[in-house]
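Reproduced below: final-v6.tsv, with TSV, N, CA and C atoms.
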chain	number	residue	atom	x	y	z
A	18	PRO	N	0.06	29.89	25.15
A	18	PRO	CA	-0.07	30.22	23.74
A	18	PRO	C	0.09	28.96	22.88
A	19	ARG	N	-0.76	28.83	21.86
A	19	ARG	CA	-0.66	27.70	20.94
A	19	ARG	C	0.39	28.01	19.87
A	20	VAL	N	1.17	26.99	19.55
A	20	VAL	CA	2.21	27.12	18.55
A	20	VAL	C	2.03	25.97	17.56
A	21	SER	N	2.21	26.25	16.28
A	21	SER	CA	2.14	25.18	15.29
A	21	SER	C	3.32	25.29	14.35
A	22	CYS	N	3.69	24.17	13.78
A	22	CYS	CA	4.77	24.10	12.81
A	22	CYS	C	4.29	23.29	11.62
A	23	THR	N	4.76	23.63	10.44
A	23	THR	CA	4.40	22.91	9.24
A	23	THR	C	5.67	22.54	8.49
A	24	TRP	N	5.74	21.29	8.07
A	24	TRP	CA	6.84	20.82	7.24
A	24	TRP	C	6.23	20.43	5.90
A	25	LYS	N	6.72	21.02	4.84
A	25	LYS	CA	6.21	20.72	3.50
A	25	LYS	C	7.13	19.72	2.82
A	26	GLY	N	6.54	18.93	1.94
A	26	GLY	CA	7.33	18.00	1.15
A	26	GLY	C	7.72	16.73	1.88
A	27	VAL	N	7.10	16.44	3.01
A	27	VAL	CA	7.41	15.21	3.73
A	27	VAL	C	6.76	14.04	2.99
A	28	VAL	N	7.53	13.02	2.69
A	28	VAL	CA	7.02	11.85	1.97
A	28	VAL	C	7.27	10.62	2.82
A	29	ILE	N	6.22	9.83	3.01
A	29	ILE	CA	6.34	8.56	3.71
A	29	ILE	C	6.16	7.48	2.64
A	30	PRO	N	7.22	6.77	2.27
A	30	PRO	CA	7.18	5.90	1.10
A	30	PRO	C	6.48	4.55	1.30
A	31	ARG	N	6.21	4.16	2.53
A	31	ARG	CA	5.61	2.84	2.76
A	31	ARG	C	4.38	2.96	3.63
A	32	ALA	N	3.41	2.09	3.36
A	32	ALA	CA	2.20	2.05	4.17
A	32	ALA	C	2.53	1.60	5.58
A	33	GLY	N	1.76	2.07	6.53
A	33	GLY	CA	1.95	1.69	7.92
A	33	GLY	C	1.40	2.75	8.86
A	34	ARG	N	1.56	2.52	10.14
A	34	ARG	CA	1.16	3.49	11.16
A	34	ARG	C	2.44	4.06	11.76
A	35	TYR	N	2.51	5.38	11.79
A	35	TYR	CA	3.72	6.06	12.24
A	35	TYR	C	3.40	7.01	13.38
A	36	ASP	N	4.22	6.99	14.42
A	36	ASP	CA	4.08	7.96	15.50
A	36	ASP	C	4.70	9.29	15.08
A	37	VAL	N	4.07	10.38	15.48
A	37	VAL	CA	4.60	11.72	15.24
A	37	VAL	C	5.08	12.25	16.59
A	38	CYS	N	6.35	12.56	16.67
A	38	CYS	CA	6.94	13.01	17.93
A	38	CYS	C	7.53	14.41	17.76
A	39	TRP	N	7.59	15.11	18.86
A	39	TRP	CA	8.11	16.48	18.90
A	39	TRP	C	9.19	16.52	19.97
A	40	CYS	N	10.32	17.13	19.64
A	40	CYS	CA	11.39	17.28	20.62
A	40	CYS	C	11.09	18.50	21.47
A	41	ASP	N	10.79	18.26	22.74
A	41	ASP	CA	10.40	19.33	23.65
A	41	ASP	C	11.60	19.96	24.37
A	42	ARG	N	12.67	19.21	24.51
A	42	ARG	CA	13.85	19.71	25.21
A	42	ARG	C	15.10	19.26	24.46
A	43	THR	N	15.99	20.17	24.25
A	43	THR	CA	17.24	19.82	23.59
A	43	THR	C	18.42	20.14	24.49
A	44	TYR	N	19.48	19.41	24.26
A	44	TYR	CA	20.75	19.67	24.92
A	44	TYR	C	21.78	19.71	23.80
A	45	GLY	N	22.10	20.89	23.35
A	45	GLY	CA	22.95	21.02	22.16
A	45	GLY	C	22.16	20.53	20.95
A	46	ALA	N	22.73	19.60	20.21
A	46	ALA	CA	22.06	19.05	19.03
A	46	ALA	C	21.27	17.78	19.35
A	47	THR	N	21.22	17.40	20.63
A	47	THR	CA	20.56	16.15	21.04
A	47	THR	C	19.22	16.45	21.69
A	48	CYS	N	18.21	15.67	21.33
A	48	CYS	CA	16.90	15.81	21.98
A	48	CYS	C	16.91	14.97	23.26
A	49	VAL	N	16.47	15.56	24.34
A	49	VAL	CA	16.43	14.84	25.61
A	49	VAL	C	15.01	14.54	26.08
A	50	LEU	N	13.99	15.08	25.39
A	50	LEU	CA	12.61	14.81	25.80
A	50	LEU	C	11.70	14.80	24.58
A	51	TRP	N	11.43	13.61	24.07
A	51	TRP	CA	10.50	13.45	22.94
A	51	TRP	C	9.08	13.35	23.46
A	52	GLN	N	8.17	14.05	22.83
A	52	GLN	CA	6.75	14.01	23.18
A	52	GLN	C	5.97	13.40	22.01
A	53	LEU	N	5.14	12.41	22.28
A	53	LEU	CA	4.26	11.84	21.26
A	53	LEU	C	3.11	12.81	21.05
A	54	VAL	N	2.94	13.31	19.81
A	54	VAL	CA	1.90	14.30	19.55
A	54	VAL	C	0.81	13.80	18.61
A	55	GLY	N	0.97	12.60	18.08
A	55	GLY	CA	-0.06	12.06	17.20
A	55	GLY	C	0.42	10.85	16.44
A	56	GLN	N	-0.42	10.42	15.50
A	56	GLN	CA	-0.09	9.26	14.69
A	56	GLN	C	-0.60	9.49	13.27
A	57	ILE	N	0.16	9.01	12.31
A	57	ILE	CA	-0.23	9.09	10.90
A	57	ILE	C	-0.44	7.67	10.40
A	58	ALA	N	-1.57	7.43	9.73
A	58	ALA	CA	-1.83	6.13	9.10
A	58	ALA	C	-1.74	6.32	7.59
A	59	VAL	N	-0.78	5.64	6.98
A	59	VAL	CA	-0.62	5.68	5.53
A	59	VAL	C	-1.25	4.42	4.97
A	60	ALA	N	-2.34	4.59	4.21
A	60	ALA	CA	-3.09	3.45	3.68
A	60	ALA	C	-2.30	2.74	2.60
A	61	GLY	N	-2.48	1.43	2.53
A	61	GLY	CA	-1.88	0.64	1.46
A	61	GLY	C	-1.34	-0.68	1.94
A	62	PRO	N	-0.90	-1.49	1.01
A	62	PRO	CA	-0.38	-2.82	1.36
A	62	PRO	C	1.00	-2.76	1.99
A	63	ILE	N	1.23	-3.68	2.92
A	63	ILE	CA	2.53	-3.83	3.56
A	63	ILE	C	3.16	-5.15	3.13
A	64	ASN	N	2.33	-6.16	2.97
A	64	ASN	CA	2.80	-7.50	2.66
A	64	ASN	C	1.74	-8.18	1.82
A	65	SER	N	2.12	-9.18	1.08
A	65	SER	CA	1.15	-9.90	0.26
A	65	SER	C	1.59	-11.33	0.06
A	66	THR	N	0.64	-12.17	-0.31
A	66	THR	CA	0.98	-13.54	-0.68
A	66	THR	C	1.46	-13.52	-2.12
A	67	ALA	N	2.43	-14.32	-2.42
A	67	ALA	CA	2.90	-14.40	-3.81
A	67	ALA	C	1.91	-15.22	-4.62
A	68	PRO	N	1.67	-14.82	-5.86
A	68	PRO	CA	0.81	-15.64	-6.70
A	68	PRO	C	1.48	-16.97	-7.00
A	69	PRO	N	0.73	-17.97	-7.45
A	69	PRO	CA	1.34	-19.26	-7.78
A	69	PRO	C	2.40	-19.11	-8.87
A	70	GLU	N	3.31	-20.05	-8.92
A	70	GLU	CA	4.33	-20.04	-9.97
A	70	GLU	C	3.67	-20.03	-11.33
A	71	PRO	N	4.21	-19.26	-12.29
A	71	PRO	CA	3.60	-19.19	-13.61
A	71	PRO	C	3.39	-20.54	-14.27
A	72	ALA	N	4.32	-21.49	-14.03
A	72	ALA	CA	4.18	-22.80	-14.66
A	72	ALA	C	2.93	-23.53	-14.17
A	73	LEU	N	2.41	-23.13	-13.01
A	73	LEU	CA	1.24	-23.79	-12.46
A	73	LEU	C	-0.06	-23.16	-12.94
A	74	LEU	N	0.03	-22.03	-13.62
A	74	LEU	CA	-1.15	-21.32	-14.07
A	74	LEU	C	-1.24	-21.35	-15.59
A	75	GLY	N	-2.42	-21.70	-16.08
A	75	GLY	CA	-2.67	-21.55	-17.51
A	75	GLY	C	-3.29	-20.19	-17.75
A	76	PRO	N	-3.51	-19.83	-19.00
A	76	PRO	CA	-4.12	-18.54	-19.30
A	76	PRO	C	-5.50	-18.39	-18.65
A	77	MET	N	-5.73	-17.23	-18.06
A	77	MET	CA	-7.02	-16.86	-17.47
A	77	MET	C	-7.48	-17.79	-16.34
A	78	MET	N	-6.54	-18.45	-15.66
A	78	MET	CA	-6.89	-19.27	-14.49
A	78	MET	C	-7.01	-18.37	-13.28
A	79	LEU	N	-7.97	-18.66	-12.40
A	79	LEU	CA	-8.18	-17.85	-11.20
A	79	LEU	C	-7.25	-18.29	-10.08
A	80	PHE	N	-6.76	-17.32	-9.32
A	80	PHE	CA	-5.99	-17.60	-8.11
A	80	PHE	C	-6.32	-16.54	-7.08
A	81	LYS	N	-6.08	-16.85	-5.82
A	81	LYS	CA	-6.35	-15.92	-4.72
A	81	LYS	C	-5.11	-15.08	-4.44
A	82	MET	N	-5.32	-13.80	-4.18
A	82	MET	CA	-4.24	-12.86	-3.85
A	82	MET	C	-4.64	-12.13	-2.58
A	83	GLN	N	-3.88	-12.29	-1.51
A	83	GLN	CA	-4.19	-11.62	-0.25
A	83	GLN	C	-3.09	-10.64	0.07
A	84	ILE	N	-3.49	-9.43	0.49
A	84	ILE	CA	-2.52	-8.44	0.94
A	84	ILE	C	-2.87	-8.01	2.36
A	85	TRP	N	-1.85	-7.62	3.10
A	85	TRP	CA	-2.01	-7.08	4.44
A	85	TRP	C	-1.54	-5.65	4.40
A	86	GLY	N	-2.15	-4.80	5.21
A	86	GLY	CA	-1.74	-3.41	5.19
A	86	GLY	C	-2.52	-2.56	6.17
A	87	VAL	N	-2.70	-1.30	5.82
A	87	VAL	CA	-3.35	-0.31	6.67
A	87	VAL	C	-4.52	0.30	5.90
A	88	ASN	N	-5.66	0.40	6.54
A	88	ASN	CA	-6.86	1.03	5.96
A	88	ASN	C	-7.25	0.44	4.61
A	89	LEU	N	-7.17	-0.87	4.47
A	89	LEU	CA	-7.61	-1.53	3.25
A	89	LEU	C	-9.13	-1.63	3.28
A	90	THR	N	-9.78	-1.28	2.17
A	90	THR	CA	-11.24	-1.28	2.13
A	90	THR	C	-11.73	-2.08	0.93
A	91	SER	N	-13.03	-2.31	0.91
A	91	SER	CA	-13.63	-3.03	-0.21
A	91	SER	C	-13.64	-2.18	-1.48
A	92	GLU	N	-13.29	-0.90	-1.37
A	92	GLU	CA	-13.20	-0.04	-2.55
A	92	GLU	C	-11.79	-0.03	-3.15
A	93	GLY	N	-10.83	-0.70	-2.51
A	93	GLY	CA	-9.47	-0.75	-3.05
A	93	GLY	C	-9.47	-1.43	-4.41
A	94	ARG	N	-8.45	-1.14	-5.23
A	94	ARG	CA	-8.37	-1.68	-6.58
A	94	ARG	C	-7.13	-2.55	-6.73
A	95	LEU	N	-7.26	-3.60	-7.50
A	95	LEU	CA	-6.13	-4.47	-7.80
A	95	LEU	C	-6.13	-4.74	-9.29
A	96	GLY	N	-4.97	-4.78	-9.89
A	96	GLY	CA	-4.88	-5.04	-11.32
A	96	GLY	C	-3.58	-5.73	-11.67
A	97	VAL	N	-3.51	-6.22	-12.88
A	97	VAL	CA	-2.33	-6.89	-13.39
A	97	VAL	C	-1.80	-6.07	-14.56
A	98	ALA	N	-0.57	-5.57	-14.44
A	98	ALA	CA	0.04	-4.76	-15.50
A	98	ALA	C	1.05	-5.61	-16.27
A	99	ARG	N	1.12	-5.40	-17.56
A	99	ARG	CA	2.05	-6.14	-18.41
A	99	ARG	C	3.49	-5.70	-18.13
A	100	GLY	N	4.39	-6.66	-18.03
A	100	GLY	CA	5.82	-6.38	-17.85
A	100	GLY	C	6.16	-5.96	-16.43
A	101	ARG	N	7.40	-5.54	-16.24
A	101	ARG	CA	7.84	-5.00	-14.95
A	101	ARG	C	7.40	-3.55	-14.92
A	102	SER	N	6.50	-3.23	-14.00
A	102	SER	CA	5.86	-1.92	-14.02
A	102	SER	C	5.93	-1.26	-12.66
A	103	ASP	N	5.95	0.07	-12.66
A	103	ASP	CA	5.79	0.80	-11.40
A	103	ASP	C	4.31	1.05	-11.14
A	104	CYS	N	3.46	0.60	-12.07
A	104	CYS	CA	2.00	0.65	-11.94
A	104	CYS	C	1.41	2.05	-12.09
A	105	ALA	N	2.20	3.04	-12.46
A	105	ALA	CA	1.70	4.40	-12.55
A	105	ALA	C	1.17	4.75	-13.93
A	106	ASP	N	1.39	3.90	-14.93
A	106	ASP	CA	0.96	4.24	-16.28
A	106	ASP	C	-0.54	4.02	-16.48
A	107	GLU	N	-1.07	4.56	-17.54
A	107	GLU	CA	-2.51	4.51	-17.81
A	107	GLU	C	-3.02	3.08	-17.99
A	108	ALA	N	-2.21	2.22	-18.62
A	108	ALA	CA	-2.64	0.84	-18.84
A	108	ALA	C	-2.85	0.12	-17.51
A	109	SER	N	-1.98	0.39	-16.53
A	109	SER	CA	-2.14	-0.23	-15.21
A	109	SER	C	-3.41	0.26	-14.54
A	110	ALA	N	-3.67	1.56	-14.64
A	110	ALA	CA	-4.87	2.12	-14.02
A	110	ALA	C	-6.12	1.51	-14.65
A	111	GLU	N	-6.06	1.31	-15.96
A	111	GLU	CA	-7.21	0.72	-16.66
A	111	GLU	C	-7.43	-0.72	-16.21
A	112	ALA	N	-6.33	-1.42	-15.94
A	112	ALA	CA	-6.44	-2.83	-15.56
A	112	ALA	C	-6.99	-3.00	-14.15
A	113	ALA	N	-6.88	-1.97	-13.34
A	113	ALA	CA	-7.22	-2.10	-11.92
A	113	ALA	C	-8.71	-1.90	-11.69
A	114	LYS	N	-9.48	-2.88	-12.05
A	114	LYS	CA	-10.92	-2.80	-11.90
A	114	LYS	C	-11.45	-3.83	-10.91
A	115	LEU	N	-10.56	-4.60	-10.34
A	115	LEU	CA	-10.99	-5.69	-9.46
A	115	LEU	C	-11.23	-5.19	-8.05
A	116	ALA	N	-12.40	-5.50	-7.52
A	116	ALA	CA	-12.70	-5.21	-6.12
A	116	ALA	C	-12.40	-6.47	-5.31
A	117	PRO	N	-12.02	-6.33	-4.06
A	117	PRO	CA	-11.71	-7.52	-3.27
A	117	PRO	C	-12.96	-8.33	-2.94
A	118	LEU	N	-12.75	-9.62	-2.69
A	118	LEU	CA	-13.83	-10.47	-2.21
A	118	LEU	C	-14.27	-10.00	-0.83
A	119	TRP	N	-13.29	-9.61	-0.02
A	119	TRP	CA	-13.57	-9.02	1.29
A	119	TRP	C	-12.35	-8.23	1.76
A	120	ALA	N	-12.60	-7.31	2.67
A	120	ALA	CA	-11.53	-6.50	3.26
A	120	ALA	C	-11.97	-6.11	4.67
A	121	ASN	N	-11.01	-6.02	5.59
A	121	ASN	CA	-11.35	-5.65	6.97
A	121	ASN	C	-10.39	-4.64	7.57
A	122	SER	N	-9.87	-3.72	6.79
A	122	SER	CA	-8.95	-2.68	7.20
A	122	SER	C	-7.50	-3.15	7.22
A	123	SER	N	-7.21	-4.33	7.77
A	123	SER	CA	-5.82	-4.77	7.84
A	123	SER	C	-5.48	-5.84	6.81
A	124	THR	N	-6.47	-6.42	6.14
A	124	THR	CA	-6.20	-7.41	5.09
A	124	THR	C	-7.32	-7.40	4.07
A	125	ALA	N	-7.00	-7.81	2.86
A	125	ALA	CA	-8.00	-7.90	1.79
A	125	ALA	C	-7.66	-9.09	0.91
A	126	LEU	N	-8.69	-9.72	0.36
A	126	LEU	CA	-8.51	-10.91	-0.48
A	126	LEU	C	-9.18	-10.68	-1.83
A	127	TRP	N	-8.42	-10.94	-2.89
A	127	TRP	CA	-8.93	-10.81	-4.24
A	127	TRP	C	-8.88	-12.17	-4.93
A	128	GLU	N	-9.75	-12.36	-5.91
A	128	GLU	CA	-9.64	-13.47	-6.84
A	128	GLU	C	-9.22	-12.85	-8.18
A	129	VAL	N	-8.08	-13.29	-8.67
A	129	VAL	CA	-7.45	-12.67	-9.84
A	129	VAL	C	-7.31	-13.72	-10.93
A	130	ALA	N	-7.53	-13.32	-12.18
A	130	ALA	CA	-7.30	-14.21	-13.31
A	130	ALA	C	-5.88	-14.01	-13.83
A	131	SER	N	-5.19	-15.10	-14.11
A	131	SER	CA	-3.86	-14.98	-14.70
A	131	SER	C	-3.99	-14.36	-16.09
A	132	PRO	N	-2.95	-13.71	-16.57
A	132	PRO	CA	-3.01	-13.04	-17.88
A	132	PRO	C	-3.30	-14.04	-19.01
A	133	PRO	N	-3.85	-13.54	-20.12
A	133	PRO	CA	-4.21	-14.42	-21.22
A	133	PRO	C	-3.01	-14.91	-22.04
A	134	GLU	N	-1.85	-14.27	-21.89
A	134	GLU	CA	-0.67	-14.70	-22.64
A	134	GLU	C	0.52	-14.77	-21.70
A	135	PRO	N	1.54	-15.56	-22.04
A	135	PRO	CA	2.71	-15.68	-21.18
A	135	PRO	C	3.52	-14.38	-21.15
A	136	GLY	N	4.29	-14.22	-20.09
A	136	GLY	CA	5.15	-13.04	-19.96
A	136	GLY	C	5.27	-12.64	-18.51
A	137	ASN	N	6.02	-11.57	-18.28
A	137	ASN	CA	6.18	-11.02	-16.94
A	137	ASN	C	5.09	-10.00	-16.69
A	138	PHE	N	4.55	-10.03	-15.48
A	138	PHE	CA	3.48	-9.13	-15.10
A	138	PHE	C	3.72	-8.63	-13.68
A	139	THR	N	3.13	-7.49	-13.38
A	139	THR	CA	3.23	-6.89	-12.06
A	139	THR	C	1.82	-6.76	-11.49
A	140	ILE	N	1.65	-7.13	-10.23
A	140	ILE	CA	0.36	-6.95	-9.57
A	140	ILE	C	0.39	-5.59	-8.89
A	141	CYS	N	-0.64	-4.78	-9.17
A	141	CYS	CA	-0.71	-3.39	-8.72
A	141	CYS	C	-1.90	-3.18	-7.79
A	142	TRP	N	-1.74	-2.28	-6.84
A	142	TRP	CA	-2.82	-1.93	-5.90
A	142	TRP	C	-2.98	-0.42	-5.88
A	143	GLY	N	-4.22	0.02	-5.65
A	143	GLY	CA	-4.48	1.44	-5.48
A	143	GLY	C	-5.71	1.66	-4.61
A	144	PRO	N	-5.78	2.79	-3.93
A	144	PRO	CA	-6.96	3.10	-3.12
A	144	PRO	C	-8.12	3.50	-4.03
A	145	SER	N	-9.28	3.66	-3.45
A	145	SER	CA	-10.48	3.95	-4.23
A	145	SER	C	-10.55	5.40	-4.69
A	146	ASP	N	-9.66	6.26	-4.21
A	146	ASP	CA	-9.78	7.69	-4.52
A	146	ASP	C	-9.15	8.10	-5.84
A	147	GLY	N	-8.70	7.14	-6.63
A	147	GLY	CA	-8.13	7.46	-7.93
A	147	GLY	C	-6.64	7.80	-7.88
A	148	SER	N	-6.02	7.66	-6.73
A	148	SER	CA	-4.57	7.91	-6.62
A	148	SER	C	-3.82	6.92	-7.50
A	149	PRO	N	-2.58	7.24	-7.87
A	149	PRO	CA	-1.79	6.32	-8.69
A	149	PRO	C	-1.63	4.96	-8.00
A	150	LEU	N	-1.55	3.93	-8.80
A	150	LEU	CA	-1.34	2.59	-8.28
A	150	LEU	C	0.12	2.39	-7.92
A	151	SER	N	0.37	1.38	-7.07
A	151	SER	CA	1.74	1.03	-6.72
A	151	SER	C	1.90	-0.48	-6.86
A	152	ALA	N	3.12	-0.91	-7.12
A	152	ALA	CA	3.40	-2.33	-7.31
A	152	ALA	C	3.34	-3.06	-5.98
A	153	VAL	N	2.64	-4.19	-5.96
A	153	VAL	CA	2.58	-5.05	-4.78
A	153	VAL	C	3.58	-6.18	-4.96
A	154	ILE	N	3.55	-6.81	-6.13
A	154	ILE	CA	4.49	-7.88	-6.47
A	154	ILE	C	4.90	-7.67	-7.91
Take the structure in this file and express it as structure tokens.
Amino acid sequence: PRVSCTWKGVVIPRAGRYDVCWCDRTYGATCVLWQLVGQIAVAGPINSTAPPEPALLGPMMLFKMQIWGVNLTSEGRLGVARGRSDCADEASAEAAKLAPLWANSSTALWEVASPPEPGNFTICWGPSDGSPLSAVI
């Protein structure tokens, strides 16, 4: 007989590849036989290169930004949000119009212009499906 279980509200906060395991045998509260039943791939950046120091960049100067992650595509979006941001606000979404120069699933490279005025900024990334952006740096 086939049996299925559903867990609602599970949140995986970081991009990566995760194994899904099932405890097939227990001894009291301890699992004695874990079974690998699948894998989940959470798309998004895992690591990135830091942009150049602000003192080295003038207004609207171009620099390269590379991120590494899972399921990165040429449809991914990158933007620069004003201030320290969680990247979920409308202004961040509007700013995220940059497509990468190239992407190959595990890494993507963008050419980004520094902001036109001095201040603190956050670099944001989002998938092509319109999901909320998240802070990369």
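In terms of minimum interatomic distance to Ile140 of chain A, A:Cys104 ranks closest within A:Cys40, A:Val28, A:Cys48, A:Cys104, counting all atoms listed in the file.
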As a VMD selection string, please: the residues near Gln83 of chain A (cut-off 6 Å, all atoms listed in the file, same-chain neighbours under 5 positions excluded). chain A and resid 64 to 66 125 to 127
Nearest residue to Ser123 of chain A from the set A:Leu150, A:Ala32, A:Val37, A:Val87 (distances using all atoms listed in the file): A:Val87
Check the DSSP output for the backbone and give back, as number ranges by chain, the residues of segment 22-153 of chain A in helix (DSSP H, G or I). A: 71-73, 107-112
Selected residues, N, CA and C atoms, written as an mmCIF file, keeping the file's coordinate frame, please.
data_model
loop_
_atom_site.group_PDB
_atom_site.id
_atom_site.type_symbol
_atom_site.label_atom_id
_atom_site.label_comp_id
_atom_site.auth_asym_id
_atom_site.auth_seq_id
_atom_site.Cartn_x
_atom_site.Cartn_y
_atom_site.Cartn_z
ATOM 1 N N PRO A 71 4.210 -19.260 -12.290
ATOM 2 C CA PRO A 71 3.600 -19.190 -13.610
ATOM 3 C C PRO A 71 3.390 -20.540 -14.270
ATOM 4 N N ALA A 72 4.320 -21.490 -14.030
ATOM 5 C CA ALA A 72 4.180 -22.800 -14.660
ATOM 6 C C ALA A 72 2.930 -23.530 -14.170
ATOM 7 N N LEU A 73 2.410 -23.130 -13.010
ATOM 8 C CA LEU A 73 1.240 -23.790 -12.460
ATOM 9 C C LEU A 73 -0.060 -23.160 -12.940
ATOM 10 N N GLU A 107 -1.070 4.560 -17.540
ATOM 11 C CA GLU A 107 -2.510 4.510 -17.810
ATOM 12 C C GLU A 107 -3.020 3.080 -17.990
ATOM 13 N N ALA A 108 -2.210 2.220 -18.620
ATOM 14 C CA ALA A 108 -2.640 0.840 -18.840
ATOM 15 C C ALA A 108 -2.850 0.120 -17.510
ATOM 16 N N SER A 109 -1.980 0.390 -16.530
ATOM 17 C CA SER A 109 -2.140 -0.230 -15.210
ATOM 18 C C SER A 109 -3.410 0.260 -14.540
ATOM 19 N N ALA A 110 -3.670 1.560 -14.640
ATOM 20 C CA ALA A 110 -4.870 2.120 -14.020
ATOM 21 C C ALA A 110 -6.120 1.510 -14.650
ATOM 22 N N GLU A 111 -6.060 1.310 -15.960
ATOM 23 C CA GLU A 111 -7.210 0.720 -16.660
ATOM 24 C C GLU A 111 -7.430 -0.720 -16.210
ATOM 25 N N ALA A 112 -6.330 -1.420 -15.940
ATOM 26 C CA ALA A 112 -6.440 -2.830 -15.560
ATOM 27 C C ALA A 112 -6.990 -3.000 -14.150
#
Set up a box along x, y and z of the file covering all listed atoms of segment 29-44 of chain A, add 3 Å on every one of the six sides, and write the centre and edge lengths in Å to one decimal, as lines of an AutoDock Vina configuration file.
center_x = 11.5
center_y = 10.9
center_z = 13.2
size_x = 26.6
size_y = 24.6
size_z = 30.1
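If you look at atom CA of Thr124 of chain A and atom CA of Arg31 of chain A, they are 15.8 Å away from each other.
Minimum atom-to-atom distances from A:Leu74, A:Val54, A:Gly136, A:Arg34 to Gly86 of chain A were compared using all atoms listed in the file, and the lowest value belongs to A:Arg34.
For the residues A:Val59, A:Leu115, A:Val97, A:Leu50, ranking by smallest atom-to-atom distance to Cys141 of chain A using only N, CA and C atoms places A:Val97 first.
Using all atoms listed in the file, the shortest contact distance between Ala130 of chain A and any of A:Arg99, A:Lys81, A:Arg19, A:Arg94 is found at A:Lys81.
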For a test of reading the model, state the distance in Å between atom N of Arg101 of chain A and atom C of Ile154 of chain A, rounded to one decimal. 9.0 Å
Atom completion result for segment 147-152 of chain A (all heavy atoms) as a PDB file, in the frame of the given file:
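Generated output (rebuild38.pdb):
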ATOM      1  N   GLY A 147      -8.700   7.140  -6.630  1.00  0.00           N
ATOM      2  CA  GLY A 147      -8.130   7.460  -7.930  1.00  0.00           C
ATOM      3  C   GLY A 147      -6.640   7.800  -7.880  1.00  0.00           C
ATOM      4  O   GLY A 147      -6.079   8.199  -8.892  1.00  0.00           O
ATOM      5  N   SER A 148      -6.020   7.660  -6.730  1.00  0.00           N
ATOM      6  CA  SER A 148      -4.570   7.910  -6.620  1.00  0.00           C
ATOM      7  C   SER A 148      -3.820   6.920  -7.500  1.00  0.00           C
ATOM      8  O   SER A 148      -4.340   5.856  -7.832  1.00  0.00           O
ATOM      9  CB  SER A 148      -4.117   7.717  -5.174  1.00  0.00           C
ATOM     10  OG  SER A 148      -4.755   8.641  -4.329  1.00  0.00           O
ATOM     11  N   PRO A 149      -2.580   7.240  -7.870  1.00  0.00           N
ATOM     12  CA  PRO A 149      -1.790   6.320  -8.690  1.00  0.00           C
ATOM     13  C   PRO A 149      -1.630   4.960  -8.000  1.00  0.00           C
ATOM     14  O   PRO A 149      -1.583   4.878  -6.765  1.00  0.00           O
ATOM     15  CB  PRO A 149      -0.443   7.011  -8.824  1.00  0.00           C
ATOM     16  CG  PRO A 149      -0.706   8.445  -8.549  1.00  0.00           C
ATOM     17  CD  PRO A 149      -1.866   8.481  -7.592  1.00  0.00           C
ATOM     18  N   LEU A 150      -1.550   3.930  -8.800  1.00  0.00           N
ATOM     19  CA  LEU A 150      -1.340   2.590  -8.280  1.00  0.00           C
ATOM     20  C   LEU A 150       0.120   2.390  -7.920  1.00  0.00           C
ATOM     21  O   LEU A 150       0.991   3.111  -8.378  1.00  0.00           O
ATOM     22  CB  LEU A 150      -1.733   1.557  -9.344  1.00  0.00           C
ATOM     23  CG  LEU A 150      -3.158   1.632  -9.856  1.00  0.00           C
ATOM     24  CD1 LEU A 150      -3.366   0.572 -10.929  1.00  0.00           C
ATOM     25  CD2 LEU A 150      -4.148   1.450  -8.735  1.00  0.00           C
ATOM     26  N   SER A 151       0.370   1.380  -7.070  1.00  0.00           N
ATOM     27  CA  SER A 151       1.740   1.030  -6.720  1.00  0.00           C
ATOM     28  C   SER A 151       1.900  -0.480  -6.860  1.00  0.00           C
ATOM     29  O   SER A 151       0.934  -1.231  -6.706  1.00  0.00           O
ATOM     30  CB  SER A 151       2.082   1.486  -5.308  1.00  0.00           C
ATOM     31  OG  SER A 151       1.170   0.931  -4.389  1.00  0.00           O
ATOM     32  N   ALA A 152       3.120  -0.910  -7.120  1.00  0.00           N
ATOM     33  CA  ALA A 152       3.400  -2.330  -7.310  1.00  0.00           C
ATOM     34  C   ALA A 152       3.340  -3.060  -5.980  1.00  0.00           C
ATOM     35  O   ALA A 152       3.881  -2.589  -4.976  1.00  0.00           O
ATOM     36  CB  ALA A 152       4.773  -2.517  -7.950  1.00  0.00           C
TER      37      ALA A 152
END
